file data21.txt (compact mmCIF, C-alpha atoms)
# COMPACT_ATOMS: atom_id res chain seq x y z
CA MET A 678 95.04 -33.53 72.27
CA ASN A 679 92.00 -34.62 74.05
CA ARG A 680 88.65 -33.14 72.89
CA THR A 681 85.87 -32.42 75.21
CA LYS A 682 82.34 -33.60 74.72
CA VAL A 683 81.19 -30.12 73.73
CA ASP A 684 83.80 -29.87 71.04
CA GLU A 685 82.79 -33.17 69.58
CA GLU A 686 79.20 -32.12 69.27
CA GLU A 687 80.19 -28.83 67.66
CA TYR A 688 82.38 -30.71 65.22
CA TRP A 689 79.67 -33.01 64.08
CA ASN A 690 77.01 -30.33 63.83
CA SER A 691 79.25 -27.93 61.91
CA SER A 692 80.05 -30.44 59.16
CA LYS A 693 79.40 -29.36 55.57
CA PHE A 694 77.45 -32.53 54.97
CA LYS A 695 73.87 -32.80 56.06
CA ALA A 696 72.26 -35.76 57.53
CA PHE A 697 69.40 -37.54 55.71
CA THR A 698 65.96 -36.21 56.44
CA PHE A 699 62.46 -37.21 55.25
CA ASP A 700 61.39 -33.61 54.49
CA ASP A 701 60.49 -33.19 50.74
CA ASP A 702 61.20 -29.49 50.81
CA ASP A 703 64.86 -30.19 51.26
CA ASP A 704 64.96 -32.86 48.63
CA GLU A 705 66.54 -31.57 45.40
CA LEU A 706 65.06 -34.45 43.43
CA SER A 707 61.56 -33.53 44.46
CA GLN A 708 62.21 -29.91 43.47
CA LEU A 709 63.40 -31.06 40.09
CA LYS A 710 60.26 -33.11 39.61
CA GLU A 711 58.10 -30.16 40.54
CA SER A 712 59.87 -27.95 38.04
CA LYS A 713 59.46 -30.54 35.34
CA ARG A 714 55.77 -30.94 36.16
CA ALA A 715 55.27 -27.15 35.91
CA VAL A 716 56.98 -27.06 32.53
CA ASN A 717 54.80 -29.90 31.21
CA SER A 718 51.66 -28.15 32.38
CA LEU A 719 52.57 -25.15 30.25
CA ARG A 720 52.51 -27.22 27.09
CA ASP A 721 48.72 -27.07 27.01
CA PHE A 722 48.95 -23.32 26.64
CA VAL A 723 52.26 -22.86 24.84
CA ASP A 724 53.16 -24.60 21.56
CA ASP A 725 56.02 -27.03 21.45
CA ASP A 726 57.66 -24.86 18.86
CA ASP A 727 59.19 -21.75 20.32
CA ASP A 728 57.69 -19.51 17.62
CA ASP A 729 56.29 -16.91 19.93
CA ASP A 730 56.98 -14.13 17.46
CA LEU A 731 54.98 -15.78 14.65
CA GLU A 732 51.20 -15.33 14.28
CA ARG A 733 49.26 -18.49 13.59
CA VAL A 734 46.55 -18.21 10.92
CA SER A 735 43.95 -20.62 9.56
CA TRP A 736 43.54 -21.80 5.95
CA THR A 737 41.19 -18.86 5.30
CA GLY A 738 43.82 -16.36 6.42
CA GLU A 739 42.16 -15.44 9.71
CA PRO A 740 44.25 -15.32 12.93
CA VAL A 741 43.78 -18.39 15.05
CA GLY A 742 42.07 -17.49 18.28
CA SER A 743 40.24 -14.43 16.91
CA ILE A 744 36.51 -13.95 17.42
CA SER A 745 35.56 -14.65 13.78
CA TRP A 746 37.72 -17.79 13.77
CA SER A 747 36.05 -19.00 16.97
CA ILE A 748 32.54 -18.44 15.52
CA LYS A 749 33.34 -20.33 12.33
CA GLU A 750 34.95 -23.16 14.23
CA THR A 751 31.92 -23.40 16.51
CA ALA A 752 29.45 -23.32 13.58
CA GLY A 753 31.43 -25.79 11.47
CA ASN A 754 31.76 -28.40 14.14
CA SER A 755 30.53 -28.16 17.70
CA GLY A 756 34.04 -28.91 18.97
CA LEU A 757 36.75 -31.43 18.41
CA ASN A 758 35.52 -34.97 17.96
CA HIS A 759 36.20 -37.64 20.51
CA GLU A 760 39.23 -39.04 18.70
CA GLY A 761 40.81 -35.63 18.30
CA ARG A 762 40.43 -34.92 21.99
CA GLU A 763 41.99 -38.27 22.87
CA GLN A 764 44.95 -37.56 20.59
CA LEU A 765 45.43 -34.13 22.11
CA LYS A 766 45.35 -35.53 25.61
CA SER A 767 47.83 -38.29 24.74
CA ARG A 768 50.15 -35.76 23.15
CA ASN A 769 50.05 -33.25 26.00
CA SER A 770 50.03 -35.69 28.87
CA PHE A 771 52.70 -38.03 30.12
CA SER A 772 50.20 -40.41 31.56
CA SER A 773 50.02 -43.75 29.82
CA TYR A 774 46.37 -44.34 30.57
CA ALA A 775 43.31 -42.77 28.81
CA GLN A 776 40.91 -40.70 30.79
CA LEU A 777 37.42 -42.05 31.18
CA PRO A 778 34.65 -40.01 29.46
CA LYS A 779 32.61 -37.82 31.71
CA PRO A 780 29.08 -39.17 32.11
CA THR A 781 26.52 -37.02 30.33
CA SER A 782 23.33 -35.81 31.89
CA THR A 783 19.95 -36.97 30.68
CA TYR A 784 18.66 -33.41 30.42
CA SER A 785 20.57 -30.38 29.27
CA LEU A 786 19.78 -26.73 28.67
CA SER A 787 20.94 -26.94 25.06
CA ASN A 788 18.47 -29.74 24.34
CA PHE A 789 15.70 -27.62 25.80
CA PHE A 790 16.45 -24.78 23.36
CA ARG A 791 16.77 -27.19 20.47
CA GLY A 792 13.15 -28.16 21.00
CA ARG A 793 13.77 -31.83 21.85
CA THR A 794 14.75 -33.90 24.85
CA ARG A 795 17.43 -36.54 24.98
CA LEU A 796 16.39 -39.95 26.20
CA GLY A 797 19.40 -41.32 28.01
CA SER A 798 22.53 -41.36 25.88
CA PHE A 799 20.86 -42.61 22.68
CA GLN A 800 20.71 -40.53 19.49
CA SER A 801 17.87 -40.44 17.02
CA LEU A 802 18.41 -41.68 13.47
CA SER A 803 18.17 -38.17 12.01
CA ASP A 804 20.75 -36.89 14.52
CA ALA A 805 23.09 -39.79 13.80
CA LEU A 806 22.96 -39.27 10.02
CA SER A 807 23.23 -35.50 10.17
CA ASP A 808 26.67 -33.96 10.36
CA THR A 809 25.37 -30.45 10.97
CA PRO A 810 24.43 -29.31 14.46
CA ALA A 811 20.79 -29.25 15.41
CA LYS A 812 18.96 -26.00 14.69
CA SER A 813 18.25 -23.98 17.77
CA TYR A 814 14.88 -22.45 18.47
CA ALA A 815 14.12 -19.79 21.01
CA PRO A 816 11.26 -20.59 23.34
CA GLU A 817 7.94 -19.20 22.08
CA LEU A 818 6.70 -16.39 24.22
CA GLY A 819 3.09 -15.41 24.68
CA ARG A 820 1.71 -12.35 22.97
CA PRO A 821 1.34 -9.25 25.06
CA LYS A 822 -2.16 -8.49 26.17
CA GLY A 823 -2.09 -5.19 24.33
CA GLU A 824 -2.19 -6.97 20.96
CA PHE A 825 -5.49 -8.63 21.74
CA ARG A 826 -7.05 -5.20 21.96
CA ASP A 827 -7.04 -5.08 18.16
CA TYR A 828 -9.61 -7.86 18.11
CA SER A 829 -11.84 -6.36 20.73
CA ASN A 830 -15.50 -5.73 19.97
CA ASP A 831 -15.77 -2.59 22.06
CA TRP A 832 -15.06 -0.11 19.29
CA SER A 833 -17.47 2.72 18.60
CA PRO A 834 -18.70 3.37 15.00
CA SER A 835 -16.25 6.25 14.56
CA ASP A 836 -13.34 4.18 15.90
CA THR A 837 -14.35 1.27 13.70
CA VAL A 838 -14.40 3.45 10.58
CA ARG A 839 -10.98 4.90 11.42
CA ARG A 840 -9.57 1.40 11.86
CA LEU A 841 -11.05 0.29 8.55
CA ARG A 842 -9.48 3.28 6.87
CA LYS A 843 -6.07 2.27 8.27
CA GLY A 844 -6.53 -1.28 7.03
CA LYS A 845 -6.65 -2.89 10.46
CA VAL A 846 -8.67 -5.94 11.40
CA CYS A 847 -12.06 -4.92 12.69
CA SER A 848 -15.23 -6.95 13.09
CA LEU A 849 -18.57 -5.38 12.17
CA GLU A 850 -20.71 -8.13 13.65
CA ARG A 851 -21.18 -6.26 16.91
CA PHE A 852 -23.38 -3.72 15.10
CA ARG A 853 -26.63 -5.67 15.23
CA SER A 854 -29.36 -3.06 15.51
CA LEU A 855 -30.49 -1.03 12.52
CA GLN A 856 -29.60 2.18 14.30
CA ASP A 857 -26.02 1.06 14.90
CA LYS A 858 -25.63 -0.04 11.30
CA LEU A 859 -26.94 3.25 9.94
CA GLN A 860 -24.69 5.19 12.27
CA LEU A 861 -21.76 3.12 11.02
CA LEU A 862 -22.75 3.94 7.43
CA GLU A 863 -23.00 7.66 8.18
CA GLU A 864 -19.55 7.63 9.79
CA ALA A 865 -18.14 5.90 6.69
CA VAL A 866 -19.75 8.45 4.37
CA SER A 867 -18.44 11.35 6.46
CA MET A 868 -14.93 9.86 6.16
CA HIS A 869 -15.13 10.27 2.32
CA ASP A 870 -13.30 6.99 1.74
CA GLY A 871 -14.82 4.84 -1.01
CA ASN A 872 -13.23 1.63 0.20
CA VAL A 873 -14.62 2.07 3.70
CA ILE A 874 -18.08 2.93 2.34
CA THR A 875 -18.05 -0.16 0.11
CA ALA A 876 -16.95 -2.37 3.01
CA VAL A 877 -19.81 -1.12 5.18
CA LEU A 878 -22.29 -1.53 2.28
CA ILE A 879 -21.21 -5.14 1.81
CA PHE A 880 -21.89 -5.72 5.49
CA LEU A 881 -25.33 -4.08 5.22
CA LYS A 882 -26.14 -6.02 2.05
CA ARG A 883 -25.42 -9.25 3.87
CA THR A 884 -27.24 -8.46 7.10
CA LEU A 885 -30.29 -6.44 5.95
CA SER A 886 -33.19 -7.35 3.73
CA LYS A 887 -33.46 -5.76 0.29
CA GLU A 888 -36.49 -3.66 1.20
CA VAL A 889 -34.84 -2.16 4.29
CA LEU A 890 -31.53 -1.61 2.51
CA PHE A 891 -33.16 0.10 -0.49
CA ARG A 892 -35.34 2.29 1.71
CA GLU A 893 -32.42 3.53 3.78
CA LEU A 894 -30.15 4.10 0.80
CA GLU A 895 -32.79 6.08 -1.07
CA VAL A 896 -32.20 9.03 1.26
CA ARG A 897 -28.42 8.55 1.23
CA GLN A 898 -27.40 9.24 -2.35
CA VAL A 899 -23.64 8.94 -1.81
CA ALA A 900 -23.94 5.43 -0.40
CA LEU A 901 -26.52 4.58 -3.08
CA ARG A 902 -24.13 5.50 -5.90
CA HIS A 903 -21.42 3.40 -4.31
CA LEU A 904 -23.76 0.41 -4.08
CA ILE A 905 -24.86 0.75 -7.73
CA HIS A 906 -21.25 0.90 -8.87
CA PHE A 907 -20.34 -2.08 -6.72
CA LEU A 908 -23.21 -4.19 -8.10
CA LYS A 909 -22.18 -3.33 -11.66
CA GLU A 910 -18.60 -4.33 -10.94
CA ILE A 911 -19.48 -7.72 -9.47
CA GLY A 912 -22.18 -8.34 -12.10
CA ASP A 913 -25.08 -8.82 -9.69
CA GLN A 914 -27.71 -7.90 -12.27
CA LYS A 915 -30.62 -9.37 -10.35
CA LEU A 916 -30.13 -7.19 -7.29
CA LEU A 917 -29.34 -4.21 -9.50
CA LEU A 918 -32.62 -4.62 -11.40
CA ASP A 919 -34.53 -4.89 -8.12
CA LEU A 920 -32.85 -1.70 -6.93
CA PHE A 921 -33.79 0.21 -10.10
CA ARG A 922 -37.37 -1.02 -9.87
CA PHE A 923 -37.58 0.16 -6.28
CA LEU A 924 -36.13 3.55 -7.21
CA ASP A 925 -38.42 3.77 -10.26
CA ARG A 926 -35.51 4.41 -12.61
CA ALA A 927 -36.98 2.96 -15.77
CA GLU A 928 -34.23 3.95 -18.19
CA GLU A 929 -31.42 2.69 -15.97
CA LEU A 930 -33.42 -0.49 -15.45
CA ALA A 931 -33.69 -0.99 -19.21
CA LEU A 932 -29.98 -0.35 -19.78
CA SER A 933 -29.06 -2.75 -17.00
CA HIS A 934 -31.30 -5.40 -18.52
CA TYR A 935 -29.82 -4.82 -21.97
CA ARG A 936 -26.32 -5.25 -20.57
CA GLU A 937 -27.10 -8.88 -19.76
CA HIS A 938 -26.81 -9.84 -23.44
CA LEU A 939 -23.01 -9.69 -23.08
CA SER A 940 -23.09 -12.89 -21.02
CA ILE A 941 -25.04 -14.83 -23.69
CA GLN A 942 -22.77 -16.70 -26.09
CA ASP A 943 -25.27 -18.51 -28.30
CA PRO A 944 -26.27 -16.25 -31.27
CA GLU A 945 -29.87 -17.45 -31.43
CA LYS A 946 -30.43 -16.95 -27.71
CA ARG A 947 -28.81 -13.54 -27.85
CA LYS A 948 -31.09 -12.55 -30.72
CA GLU A 949 -34.17 -13.59 -28.77
CA PHE A 950 -32.96 -11.70 -25.72
CA LEU A 951 -32.40 -8.54 -27.78
CA LYS A 952 -35.92 -8.89 -29.09
CA THR A 953 -37.23 -8.65 -25.52
CA CYS A 954 -35.20 -5.46 -24.98
CA ILE A 955 -36.87 -3.59 -27.83
CA GLY A 956 -40.00 -2.78 -25.84
CA LEU A 957 -38.16 -1.52 -22.72
CA PRO A 958 -38.42 2.17 -21.80
CA PHE A 959 -35.23 3.41 -23.46
CA SER A 960 -34.72 6.91 -24.75
CA VAL A 961 -35.48 7.55 -28.42
CA GLU A 962 -31.83 7.36 -29.44
CA ASP A 963 -31.17 4.24 -27.41
CA SER A 964 -34.28 2.53 -28.77
CA ALA A 965 -32.97 3.02 -32.33
CA HIS A 966 -29.62 1.46 -31.38
CA ILE A 967 -31.32 -1.53 -29.77
CA GLN A 968 -33.41 -2.06 -32.92
CA ASP A 969 -30.35 -1.86 -35.19
CA HIS A 970 -28.45 -4.27 -32.95
CA TYR A 971 -31.23 -6.84 -33.22
CA THR A 972 -31.53 -6.43 -37.01
CA LEU A 973 -27.76 -6.66 -37.55
CA LEU A 974 -27.45 -9.85 -35.53
CA GLU A 975 -30.38 -11.32 -37.45
CA ARG A 976 -28.64 -10.53 -40.75
CA GLN A 977 -25.33 -11.91 -39.53
CA ILE A 978 -26.92 -15.22 -38.58
CA ILE A 979 -28.42 -15.56 -42.09
CA ILE A 980 -25.17 -14.57 -43.87
CA GLU A 981 -23.06 -16.86 -41.68
CA ALA A 982 -25.22 -19.91 -42.34
CA ASN A 983 -25.26 -19.29 -46.12
CA ASP A 984 -21.52 -18.62 -46.44
CA ARG A 985 -20.57 -21.61 -44.31
CA HIS A 986 -22.56 -23.81 -46.69
CA LEU A 987 -20.93 -22.26 -49.79
CA GLU A 988 -17.45 -22.57 -48.32
CA SER A 989 -17.92 -26.23 -47.40
CA ALA A 990 -19.30 -27.00 -50.87
CA GLY A 991 -16.26 -25.42 -52.55
CA GLN A 992 -18.20 -24.28 -55.62
CA THR A 993 -17.68 -20.52 -55.18
CA GLU A 994 -14.41 -19.21 -56.55
CA ILE A 995 -13.89 -16.39 -54.06
CA PHE A 996 -14.19 -18.74 -51.07
CA ARG A 997 -11.65 -21.09 -52.66
CA LYS A 998 -9.11 -18.32 -53.27
CA HIS A 999 -9.74 -16.44 -50.03
CA PRO A 1000 -10.99 -18.73 -47.25
CA ARG A 1001 -12.71 -17.05 -44.35
CA LYS A 1002 -10.54 -16.52 -41.30
CA ALA A 1003 -13.29 -15.72 -38.77
CA SER A 1004 -17.00 -15.77 -38.28
CA ILE A 1005 -19.12 -12.72 -38.99
CA LEU A 1006 -21.31 -13.24 -35.92
CA ASN A 1007 -21.36 -10.47 -33.29
CA MET A 1008 -19.14 -8.22 -35.42
CA PRO A 1009 -19.65 -4.43 -35.66
CA LEU A 1010 -21.60 -2.87 -38.51
CA VAL A 1011 -18.50 -1.55 -40.36
CA THR A 1012 -16.84 -4.97 -40.17
CA THR A 1013 -20.01 -6.56 -41.56
CA LEU A 1014 -20.04 -4.05 -44.41
CA PHE A 1015 -16.39 -4.78 -45.21
CA TYR A 1016 -17.19 -8.51 -45.23
CA SER A 1017 -20.08 -7.98 -47.63
CA CYS A 1018 -17.96 -5.81 -49.95
CA PHE A 1019 -15.25 -8.47 -49.95
CA TYR A 1020 -17.38 -11.60 -50.60
CA HIS A 1021 -20.76 -10.29 -51.85
CA TYR A 1022 -19.97 -7.05 -53.71
CA THR A 1023 -21.76 -7.98 -56.96
CA GLU A 1024 -24.93 -9.37 -55.39
CA PRO A 1025 -28.25 -7.62 -56.09
CA GLU A 1026 -29.79 -5.24 -53.60
CA GLY A 1027 -32.59 -7.62 -52.69
CA THR A 1028 -30.31 -10.10 -50.85
CA PHE A 1029 -29.47 -9.75 -47.17
CA SER A 1030 -25.73 -9.97 -47.83
CA SER A 1031 -25.66 -7.19 -50.42
CA PRO A 1032 -23.53 -4.16 -49.41
CA VAL A 1033 -26.11 -1.81 -50.89
CA ASN A 1034 -28.84 -3.48 -48.83
CA LEU A 1035 -26.78 -3.01 -45.65
CA LYS A 1036 -26.14 0.64 -46.57
CA LYS A 1037 -29.83 1.41 -46.95
CA THR A 1038 -31.05 -0.68 -44.00
CA PHE A 1039 -28.68 0.85 -41.45
CA LYS A 1040 -28.44 4.27 -43.10
CA ILE A 1041 -24.67 4.18 -43.54
CA PRO A 1042 -23.26 7.51 -44.77
CA ASP A 1043 -21.95 7.62 -48.34
CA LYS A 1044 -18.38 8.44 -47.34
CA GLN A 1045 -18.29 5.58 -44.86
CA TYR A 1046 -19.62 3.21 -47.45
CA VAL A 1047 -17.15 4.29 -50.15
CA LEU A 1048 -14.12 4.12 -47.84
CA THR A 1049 -15.08 0.65 -46.62
CA ALA A 1050 -15.74 -0.60 -50.17
CA LEU A 1051 -12.41 0.82 -51.41
CA ALA A 1052 -10.51 -1.00 -48.67
CA ALA A 1053 -12.24 -4.30 -49.44
CA ARG A 1054 -11.88 -4.15 -53.25
CA ALA A 1055 -8.28 -2.94 -53.09
CA LYS A 1056 -7.37 -5.91 -50.92
CA LEU A 1057 -8.79 -8.19 -53.64
CA ARG A 1058 -6.93 -6.16 -56.32
CA ALA A 1059 -10.23 -5.49 -58.09
CA TRP A 1060 -8.96 -2.28 -59.70
CA HIS A 1061 -11.98 -1.78 -61.98
CA ASP A 1062 -14.23 -1.52 -58.92
CA VAL A 1063 -11.74 0.86 -57.29
CA ASP A 1064 -11.78 3.12 -60.38
CA ALA A 1065 -15.58 3.09 -60.41
CA LEU A 1066 -15.74 4.11 -56.76
CA PHE A 1067 -13.30 6.98 -57.34
CA THR A 1068 -15.25 8.32 -60.33
CA THR A 1069 -18.64 8.24 -58.69
CA LYS A 1070 -20.51 11.55 -58.91
CA GLN A 1071 -22.89 10.97 -56.07
CA ILE A 1072 -20.34 11.80 -53.36
CA ARG A 1073 -18.95 15.27 -52.77
CA TRP A 1074 -15.69 15.07 -50.88
CA LYS A 1075 -14.95 17.92 -48.56
CA ASN A 1076 -11.65 18.77 -46.99
call {"tool": "encode", "arguments": {"input": "data21.txt", "output": "structure tokens"}}
result
Amino acid sequence: MNRTKVDEEEYWNSSKFKAFTFDDDDDELSQLKESKRAVNSLRDFVDDDDDDDLERVSWTGEPVGSISWSIKETAGNSGLNHEGREQLKSRNSFSSYAQLPKPTSTYSLSNFFRGRTRLGSFQSLSDALSDTPAKSYAPELGRPKGEFRDYSNDWSPSDTVRRLRKGKVCSLERFRSLQDKLQLLEEAVSMHDGNVITAVLIFLKRTLSKEVLFRELEVRQVALRHLIHFLKEIGDQKLLLDLFRFLDRAEELALSHYREHLSIQDPEKRKEFLKTCIGLPFSVEDSAHIQDHYTLLERQIIIEANDRHLESAGQTEIFRKHPRKASILNMPLVTTLFYSCFYHYTEPEGTFSSPVNLKKTFKIPDKQYVLTALAARAKLRAWHDVDALFTTKQIRWKN
């Protein structure tokens, strides 16, 4: 049966086989390659092991991928090292060649916050030897202009006093005229704060002459008392004596002068200084104390020199059995009496070291004398002397 030309074309076009074409979309091999490439690309995000139901944790027990794990990993090491990254790439990639490292920039924002600049790709010696990441510093910002107002010199006396009371920094140098300084002092006194008054007085003491300062304080008794107390605390006896002379306070002047003997360590010099204090205008009671102080120190110097010689010679039995543990110089009157009753109890009344001589010279009461002598003789176990003191008829004990 003869076929027409149309039938032949329909036969060939309706065949179940397709002719070869260069279109990749119709190529099954290319589709297979694309599917395989898609599967390989998922390996960077999905583990090789199909353990999707299991939760991965680190050695510390924290879930991998959590925020705390990410912070610790970032702080411990700033990322995987170069070799680790190369191994990961070789494991996850089918390519047989290694990727070239990305060129680094000369300047980076992280280097700016670290406080140093990188010169090229070179590392410093400290960076090369250090395994820990460089410490980051935030850029230093300027102080707000409002803070500089604390150091301004435009404060009034009342504002200045209030700032001093709060403990804030405040300069007093702007108060240069006498009127401004006195107004500042009056504001401090009206505040009733001793620390503020003392601070202002220190400023006035440094910037005013003594005559002007004393004249102005004479009519301001509160500030004057604060200045006197301050001078006593710091031990400025010279200025304190000048102040008492200006105020014509003779007795306070004498007491302040007498107080200077505490700073004299040498016994002879202290004795001579006390001798100069005897004629000062003390009260009657104070004058008697000053005289007794001078006489006692004079006796102590004589007794100390004599006993030191006897102790070094080693010829006195009591000094051999009971060596002295301290010097008698500058000791109180009762201590001196105890010392005399311990080492010089049997000496006649005419000697300076005799207990009876001390009792009569300084008018020691009988009870005080007997109690001190009992304590001294009992410590030496001199029981005959103790019995004699208990049986004395000159003392009347009262309850």
call {"tool": "residues_around", "arguments": {"input": "data21.txt", "residues": "Val1063 of chain A", "least_positions_apart": "6", "cutoff": "10 Å", "atoms": "only C-alpha atoms", "output": "MDAnalysis selection string"}}
result
chainID A and resid 1047 1050:1055
call {"tool": "atom_distance", "arguments": {"input": "data21.txt", "atom1": "atom CA of His986 of chain A", "atom2": "atom CA of Leu973 of chain A"}}
result
20.1 Å
call {"tool": "closest_residue", "arguments": {"input": "data21.txt", "among": "A:Leu861, A:Ile911, A:Leu916, A:Leu904", "to": "Asp836 of chain A", "atoms": "only C-alpha atoms"}}
result
A:Leu861
call {"tool": "closest_residue", "arguments": {"input": "data21.txt", "among": "A:Tyr971, A:Phe1015, A:Tyr1020, A:Phe1039", "to": "Glu994 of chain A", "atoms": "all atoms listed in the file"}}
result
A:Tyr1020
call {"tool": "atom_distance", "arguments": {"input": "data21.txt", "atom1": "atom CA of Asp857 of chain A", "atom2": "atom CA of Gly912 of chain A"}}
result
28.8 Å
call {"tool": "residues_around", "arguments": {"input": "data21.txt", "residues": "Ile967 of chain A", "least_positions_apart": "4", "cutoff": "12 Å", "atoms": "only C-alpha atoms", "output": "PyMOL selection string"}}
result
chain A and resi 931-932+934-936+938+948+950-963+971-974
call {"tool": "atom_distance", "arguments": {"input": "data21.txt", "atom1": "atom CA of Thr1068 of chain A", "atom2": "atom CA of Ser1031 of chain A"}}
result
21.1 Å
call {"tool": "axis_aligned_box", "arguments": {"input": "data21.txt", "around": "segment 1020-1036 of chain A", "padding_each_side": "5 Å", "output": "lines of an AutoDock Vina configuration file"}}
result
center_x = -25.0
center_y = -5.5
center_z = -51.3
size_x = 25.2
size_y = 22.2
size_z = 21.3
call {"tool": "residues_around", "arguments": {"input": "data21.txt", "residues": "Phe907 of chain A", "least_positions_apart": "4", "cutoff": "12 Å", "atoms": "all atoms listed in the file", "output": "VMD selection string"}}
result
chain A and resid 871 to 872 874 to 879 882 900 to 903 911 to 914 916 to 917
call {"tool": "closest_residue", "arguments": {"input": "data21.txt", "among": "A:Leu859, A:Ile905, A:Leu918, A:Leu1057", "to": "His999 of chain A", "atoms": "all atoms listed in the file"}}
result
A:Leu1057
call {"tool": "residues_around", "arguments": {"input": "data21.txt", "residues": "Phe996 of chain A", "least_positions_apart": "4", "cutoff": "8 Å", "atoms": "all atoms listed in the file", "output": "mmCIF file with C-alpha atoms, in the frame of the given file"}}
result
data_model
loop_
_atom_site.group_PDB
_atom_site.id
_atom_site.type_symbol
_atom_site.label_atom_id
_atom_site.label_comp_id
_atom_site.auth_asym_id
_atom_site.auth_seq_id
_atom_site.Cartn_x
_atom_site.Cartn_y
_atom_site.Cartn_z
ATOM 1 C CA LEU A 987 -20.930 -22.260 -49.790
ATOM 2 C CA GLU A 988 -17.450 -22.570 -48.320
ATOM 3 C CA GLY A 991 -16.260 -25.420 -52.550
ATOM 4 C CA PRO A 1000 -10.990 -18.730 -47.250
ATOM 5 C CA ARG A 1001 -12.710 -17.050 -44.350
ATOM 6 C CA TYR A 1020 -17.380 -11.600 -50.600
#
call {"tool": "build_atoms", "arguments": {"input": "data21.txt", "residues": "segment 1052-1057 of chain A", "atoms": "all heavy atoms", "output": "PDB file, keeping the file's coordinate frame"}}
result
ATOM      1  N   ALA A1052     -11.452  -0.148 -49.403  1.00  0.00           N
ATOM      2  CA  ALA A1052     -10.510  -1.000 -48.670  1.00  0.00           C
ATOM      3  C   ALA A1052     -10.716  -2.467 -49.013  1.00  0.00           C
ATOM      4  O   ALA A1052      -9.735  -3.216 -49.198  1.00  0.00           O
ATOM      5  CB  ALA A1052     -10.693  -0.778 -47.170  1.00  0.00           C
ATOM      6  N   ALA A1053     -11.963  -2.892 -49.145  1.00  0.00           N
ATOM      7  CA  ALA A1053     -12.240  -4.300 -49.440  1.00  0.00           C
ATOM      8  C   ALA A1053     -11.836  -4.668 -50.865  1.00  0.00           C
ATOM      9  O   ALA A1053     -11.190  -5.697 -51.101  1.00  0.00           O
ATOM     10  CB  ALA A1053     -13.715  -4.583 -49.206  1.00  0.00           C
ATOM     11  N   ARG A1054     -12.193  -3.819 -51.859  1.00  0.00           N
ATOM     12  CA  ARG A1054     -11.880  -4.150 -53.250  1.00  0.00           C
ATOM     13  C   ARG A1054     -10.392  -4.016 -53.551  1.00  0.00           C
ATOM     14  O   ARG A1054      -9.849  -4.746 -54.377  1.00  0.00           O
ATOM     15  CB  ARG A1054     -12.686  -3.249 -54.195  1.00  0.00           C
ATOM     16  CG  ARG A1054     -14.187  -3.283 -54.005  1.00  0.00           C
ATOM     17  CD  ARG A1054     -14.743  -4.680 -53.850  1.00  0.00           C
ATOM     18  NE  ARG A1054     -14.583  -5.470 -55.068  1.00  0.00           N
ATOM     19  CZ  ARG A1054     -14.875  -6.740 -55.186  1.00  0.00           C
ATOM     20  NH1 ARG A1054     -15.303  -7.410 -54.106  1.00  0.00           N
ATOM     21  NH2 ARG A1054     -14.736  -7.394 -56.331  1.00  0.00           N
ATOM     22  N   ALA A1055      -9.724  -3.075 -52.876  1.00  0.00           N
ATOM     23  CA  ALA A1055      -8.280  -2.940 -53.090  1.00  0.00           C
ATOM     24  C   ALA A1055      -7.533  -4.144 -52.533  1.00  0.00           C
ATOM     25  O   ALA A1055      -6.508  -4.570 -53.082  1.00  0.00           O
ATOM     26  CB  ALA A1055      -7.777  -1.659 -52.429  1.00  0.00           C
ATOM     27  N   LYS A1056      -8.022  -4.714 -51.460  1.00  0.00           N
ATOM     28  CA  LYS A1056      -7.370  -5.910 -50.920  1.00  0.00           C
ATOM     29  C   LYS A1056      -7.512  -7.084 -51.873  1.00  0.00           C
ATOM     30  O   LYS A1056      -6.615  -7.947 -51.958  1.00  0.00           O
ATOM     31  CB  LYS A1056      -7.989  -6.257 -49.570  1.00  0.00           C
ATOM     32  CG  LYS A1056      -7.248  -7.345 -48.832  1.00  0.00           C
ATOM     33  CD  LYS A1056      -7.764  -7.511 -47.416  1.00  0.00           C
ATOM     34  CE  LYS A1056      -6.941  -8.541 -46.661  1.00  0.00           C
ATOM     35  NZ  LYS A1056      -7.424  -8.694 -45.257  1.00  0.00           N
ATOM     36  N   LEU A1057      -8.604  -7.125 -52.641  1.00  0.00           N
ATOM     37  CA  LEU A1057      -8.790  -8.190 -53.640  1.00  0.00           C
ATOM     38  C   LEU A1057      -8.128  -7.850 -54.982  1.00  0.00           C
ATOM     39  O   LEU A1057      -8.182  -8.662 -55.916  1.00  0.00           O
ATOM     40  CB  LEU A1057     -10.289  -8.415 -53.874  1.00  0.00           C
ATOM     41  CG  LEU A1057     -11.045  -9.196 -52.799  1.00  0.00           C
ATOM     42  CD1 LEU A1057     -12.538  -9.185 -53.087  1.00  0.00           C
ATOM     43  CD2 LEU A1057     -10.538 -10.622 -52.718  1.00  0.00           C
TER      44      LEU A1057
END
